[in-house]
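Chemist: Could you have a look at this structure, given as structure tokens, before my questions?
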Amino acid sequence: MRLEGKVAIVTASAGAGIGQGTLQALAKEGASVVVTDTHERRTGEVAEALKSEGHKAIGVVCDVTSREQVENMVKKALDEFGRIDILVNNAGTNRMNPIHEMSDEDWDLVIDTNLKGTFYCIRAVLPAMIEQNHGRIVNISSIAGWSGSNQGEAPYCAAKAGIMAFTRCVALETAKYDITVNAIAPGFVPNPFLLKIYPQEALEAIERMIPKGRGGTPQEIANAILFLVSEEGSYITGETIAVSGGWR
Ligand SMILES: NC(=O)c1ccc[n+]([C@@H]2O[C@H](COP(=O)([O-])OP(=O)(O)OC[C@H]3O[C@@H](n4cnc5c(N)ncnc54)[C@H](O)[C@@H]3O)[C@@H](O)[C@H]2O)c1
């Protein structure tokens with residue numbers, strides 16, 4: 001129960017991947033949690049399931065690309081729990097097209113979901129964290145922010161690299177308030193949704209590139225996040241840490 005008394009928001013946490021895995025891990029360590037996602041039914045179901053297991057949880061529908069929805073979500077979290085100790089910016093999306101065929105809409109959607117959404121959520125929680133003189137923020141980037149890609153995912157790579165630089169800026173600005181801000185760069189973390197949309201051969205090709213020979217689990221990503229947001233991570237800030245089985 002390393003997070004007893006703490007309040008955590010995890011964006012995009014009603015899916016099948018890293019977001020919900022992290023939310024469950026934080027709740028198991030005693031944090032009160034805010035389940036927030038664009039998907040209304042799943043948001044409600046995940047919050048109810050946590051409550052039925054004895055955890056303190058609320059569900060708030062929120063699209064991180066909407067400033068209004070983000071501000072409303074943070075207000076609801078503060079109204080319910082009175083403080084915000086932990087923010088995990090997990091929301092991300094990808095659109096795959098060669099750069100010369102990339103539409104403005106796809107570019108904006110990917111940059112807004114990954115990078116601007118991270119900015120909106122951080123801007124919205126910082127007043128409470130500064131007032132408390134305490135906060136822990138973890139942004140989910142990707143090793144694609146370092147490696148780039150020839151698979152038509154330039155805005156995704158640019159957004160994830162942007163998250164790394166933004167992480168460092170927020171960390172430097174807020175260090176004096178005992179707020180730490182770090183990013184995690186996962187490699188490949190399969191989940192039932194990804195397994196449905198990617199052909200088996202593509203998944204096997206990815207696994208061959210990973211030195212450990214397999215994708216990671218949401219729990220393995222959550223373990224690194226837990227370390228960063230708990231007392232053990234108190235002196236680490238501004239960093240991007242790969243959790244990728246050695247893949248870059
Ligand atoms: N899965 C991987 O292999 C992998 C690898 C590297 C980085 N990442 C990053 O990890 C994060 C989590 O990815 P995941 O694949 O584990 O899925 P996930 O289950 O954590 O997230 C999917 C959820 O995101 C929600 N969502 C989508 N757009 C949203 C928005 N605008 N606002 C709020 N919620 C939104 C969806 O409704 C869905 O429930 C993403 O940022 C992704 O880019 C994933």
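Residues are named by chain letter and number: chains run A, B, ... in the order of the structure tokens, numbers start at 1 in each chain, and ligands are numbered from 1 in the order shown.
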Would you pick out the contacts of Met129 in chain A at 12 Å or less, using only C-alpha atoms, so that residues sharing its chain but fewer than 2 positions from it are not included, and give the list as number ranges by chain?
Modeler: A: 6-8, 74, 78, 82-87, 122-127, 131-137, 174-181
Chemist: So that I have them on file, write out the residues from the current selection with C-alpha atoms, as an mmCIF file, in the first residue's frame.
Modeler:
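Result file is part-v3.cif:
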data_model
loop_
_atom_site.group_PDB
_atom_site.id
_atom_site.type_symbol
_atom_site.label_atom_id
_atom_site.label_comp_id
_atom_site.auth_asym_id
_atom_site.auth_seq_id
_atom_site.Cartn_x
_atom_site.Cartn_y
_atom_site.Cartn_z
ATOM 1 C CA LYS A 6 -2.866 9.514 -2.782
ATOM 2 C CA VAL A 7 -5.181 10.477 -5.632
ATOM 3 C CA ALA A 8 -4.332 9.442 -9.189
ATOM 4 C CA VAL A 74 -9.846 17.634 -13.225
ATOM 5 C CA LEU A 78 -10.806 17.692 -7.064
ATOM 6 C CA GLY A 82 -9.834 17.200 -2.725
ATOM 7 C CA ARG A 83 -6.336 16.715 -4.163
ATOM 8 C CA ILE A 84 -4.416 15.258 -7.116
ATOM 9 C CA ASP A 85 -1.077 13.597 -6.429
ATOM 10 C CA ILE A 86 -0.509 11.566 -9.579
ATOM 11 C CA LEU A 87 -1.253 12.151 -13.252
ATOM 12 C CA ILE A 122 -0.670 18.872 -17.091
ATOM 13 C CA ARG A 123 -1.811 22.504 -17.263
ATOM 14 C CA ALA A 124 -5.083 21.573 -15.586
ATOM 15 C CA VAL A 125 -3.553 19.650 -12.644
ATOM 16 C CA LEU A 126 -0.543 21.882 -11.942
ATOM 17 C CA PRO A 127 -2.358 24.553 -9.870
ATOM 18 C CA GLU A 131 -0.684 24.420 -4.027
ATOM 19 C CA GLN A 132 -0.015 21.026 -2.376
ATOM 20 C CA ASN A 133 3.709 21.395 -3.015
ATOM 21 C CA HIS A 134 3.676 17.797 -4.249
ATOM 22 C CA GLY A 135 2.967 15.955 -7.457
ATOM 23 C CA ARG A 136 4.041 13.044 -9.641
ATOM 24 C CA ILE A 137 3.464 13.132 -13.399
ATOM 25 C CA THR A 174 8.120 22.527 -11.354
ATOM 26 C CA ALA A 175 11.034 20.867 -9.517
ATOM 27 C CA LYS A 176 10.887 23.531 -6.799
ATOM 28 C CA TYR A 177 7.357 22.408 -5.844
ATOM 29 C CA ASP A 178 8.345 18.763 -5.215
ATOM 30 C CA ILE A 179 6.697 17.811 -8.489
ATOM 31 C CA THR A 180 8.488 15.183 -10.548
ATOM 32 C CA VAL A 181 7.738 14.733 -14.239
#
Chemist: Would you mind listing, for every residue of chain A within 7 Å of ligand 1, the two atoms forming the shortest contact and the distance between them in Å to one decimal, using only C-alpha atoms and all ligand atoms, sorted by chain and ascending residue number, as a tab-separated table?
Modeler:
residue	atom	partner	partner_atom_place_in_ligand_line	distance
A:Thr11	CA	ligand 1	33 (C)	5.9
A:Ala12	CA	ligand 1	34 (N)	3.7
A:Ser13	CA	ligand 1	20 (O)	5.9
A:Ala14	CA	ligand 1	39 (O)	4.7
A:Gly15	CA	ligand 1	39 (O)	3.3
A:Ala16	CA	ligand 1	19 (O)	4.2
A:Gly17	CA	ligand 1	19 (O)	3.3
A:Ile18	CA	ligand 1	16 (O)	3.7
A:Gly19	CA	ligand 1	20 (O)	3.6
A:Gln20	CA	ligand 1	20 (O)	6.1
A:Thr36	CA	ligand 1	33 (C)	6.9
A:Asp37	CA	ligand 1	34 (N)	4.0
A:Thr38	CA	ligand 1	34 (N)	4.6
A:His39	CA	ligand 1	37 (O)	4.9
A:Cys62	CA	ligand 1	33 (C)	5.7
A:Asp63	CA	ligand 1	32 (N)	3.6
A:Val64	CA	ligand 1	32 (N)	4.2
A:Thr65	CA	ligand 1	31 (N)	5.4
A:Asn90	CA	ligand 1	41 (O)	4.6
A:Ala91	CA	ligand 1	41 (O)	4.6
A:Gly92	CA	ligand 1	41 (O)	3.5
A:Thr93	CA	ligand 1	43 (O)	5.7
A:Thr113	CA	ligand 1	31 (N)	4.9
A:Asn114	CA	ligand 1	41 (O)	6.4
A:Ile140	CA	ligand 1	41 (O)	5.2
A:Ser141	CA	ligand 1	7 (C)	5.8
A:Ser142	CA	ligand 1	7 (C)	4.3
A:Ile143	CA	ligand 1	6 (C)	6.6
A:Ala185	CA	ligand 1	7 (C)	6.3
A:Pro186	CA	ligand 1	6 (C)	4.4
A:Gly187	CA	ligand 1	5 (C)	4.9
A:Phe188	CA	ligand 1	3 (O)	3.5
A:Val189	CA	ligand 1	3 (O)	3.7
A:Pro190	CA	ligand 1	3 (O)	5.5
A:Asn191	CA	ligand 1	1 (N)	6.8
A:Leu194	CA	ligand 1	15 (O)	7.0
A:Pro218	CA	ligand 1	16 (O)	6.7
Chemist: Go through A:Val33, A:Ala25, A:Leu109, A:Val10 and flag the residue nearest Ser66 in chain A, using only C-alpha atoms for the distances.
Modeler: A:Leu109
Chemist: Could you check which of A:Ala47, A:Leu3, A:Ala128, A:Cys157 is closest to Met96 in chain A, using only C-alpha atoms?
Modeler: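 Closest residue, counting only C-alpha atoms: A:Cys157.
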Chemist: DSSP on the backbone, alpha helix (DSSP H) only: what residues of range 4-214 of chain A does that give? Format it as an NGL selection string.
Modeler: :A and (18-28 or 40-52 or 67-81 or 104-111 or 117-132 or 144-147 or 154-174 or 192-197 or 200-209)
Chemist: Which distance in Å separates CA of Leu226 in chain A and CA of Leu203 in chain A, to one decimal?
Modeler: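 Straight-line distance from CA of Leu226 in chain A to CA of Leu203 in chain A works out to 27.5 Å.
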Chemist: Could you state the separation of CA of Val110 in chain A and CA of Gly213 in chain A in Å, given to one decimal place?
Modeler: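 Taking CA of Val110 in chain A and CA of Gly213 in chain A, their separation equals 28.7 Å.
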Chemist: Mind giving me the straight-line distance from CA of Met102 in chain A to CA of Gly152 in chain A in Å, one decimal?
Modeler: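 Here the two named atoms are 8.6 Å from each other.
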Chemist: Go through A:Asp108, A:Val60, A:Tyr198, A:Arg67 and flag the residue nearest Glu40 in chain A, using only C-alpha atoms for the distances.
Modeler: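 Once distances to Glu40 in chain A are computed over only C-alpha atoms, the minimum belongs to A:Val60.
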Chemist: Considering only C-alpha atoms, state which residue in the set A:Val61, A:Ile9, A:Ile236, A:Ala154 is at the smallest distance from Glu101 in chain A.
Modeler: A:Ala154
Chemist: As a list in words, which residues of range 41-222 of chain A does DSSP assign to strand (DSSP E or B)?
Modeler: Ala57, Ile58, Gly59, Val60, Val61, Ile86, Leu87, Val88, Asn89, Gly135, Arg136, Ile137, Val138, Asn139, Ile140, Ile179, Thr180, Val181, Asn182, Ala183, Ile184, Ala185 and Pro186 of chain A
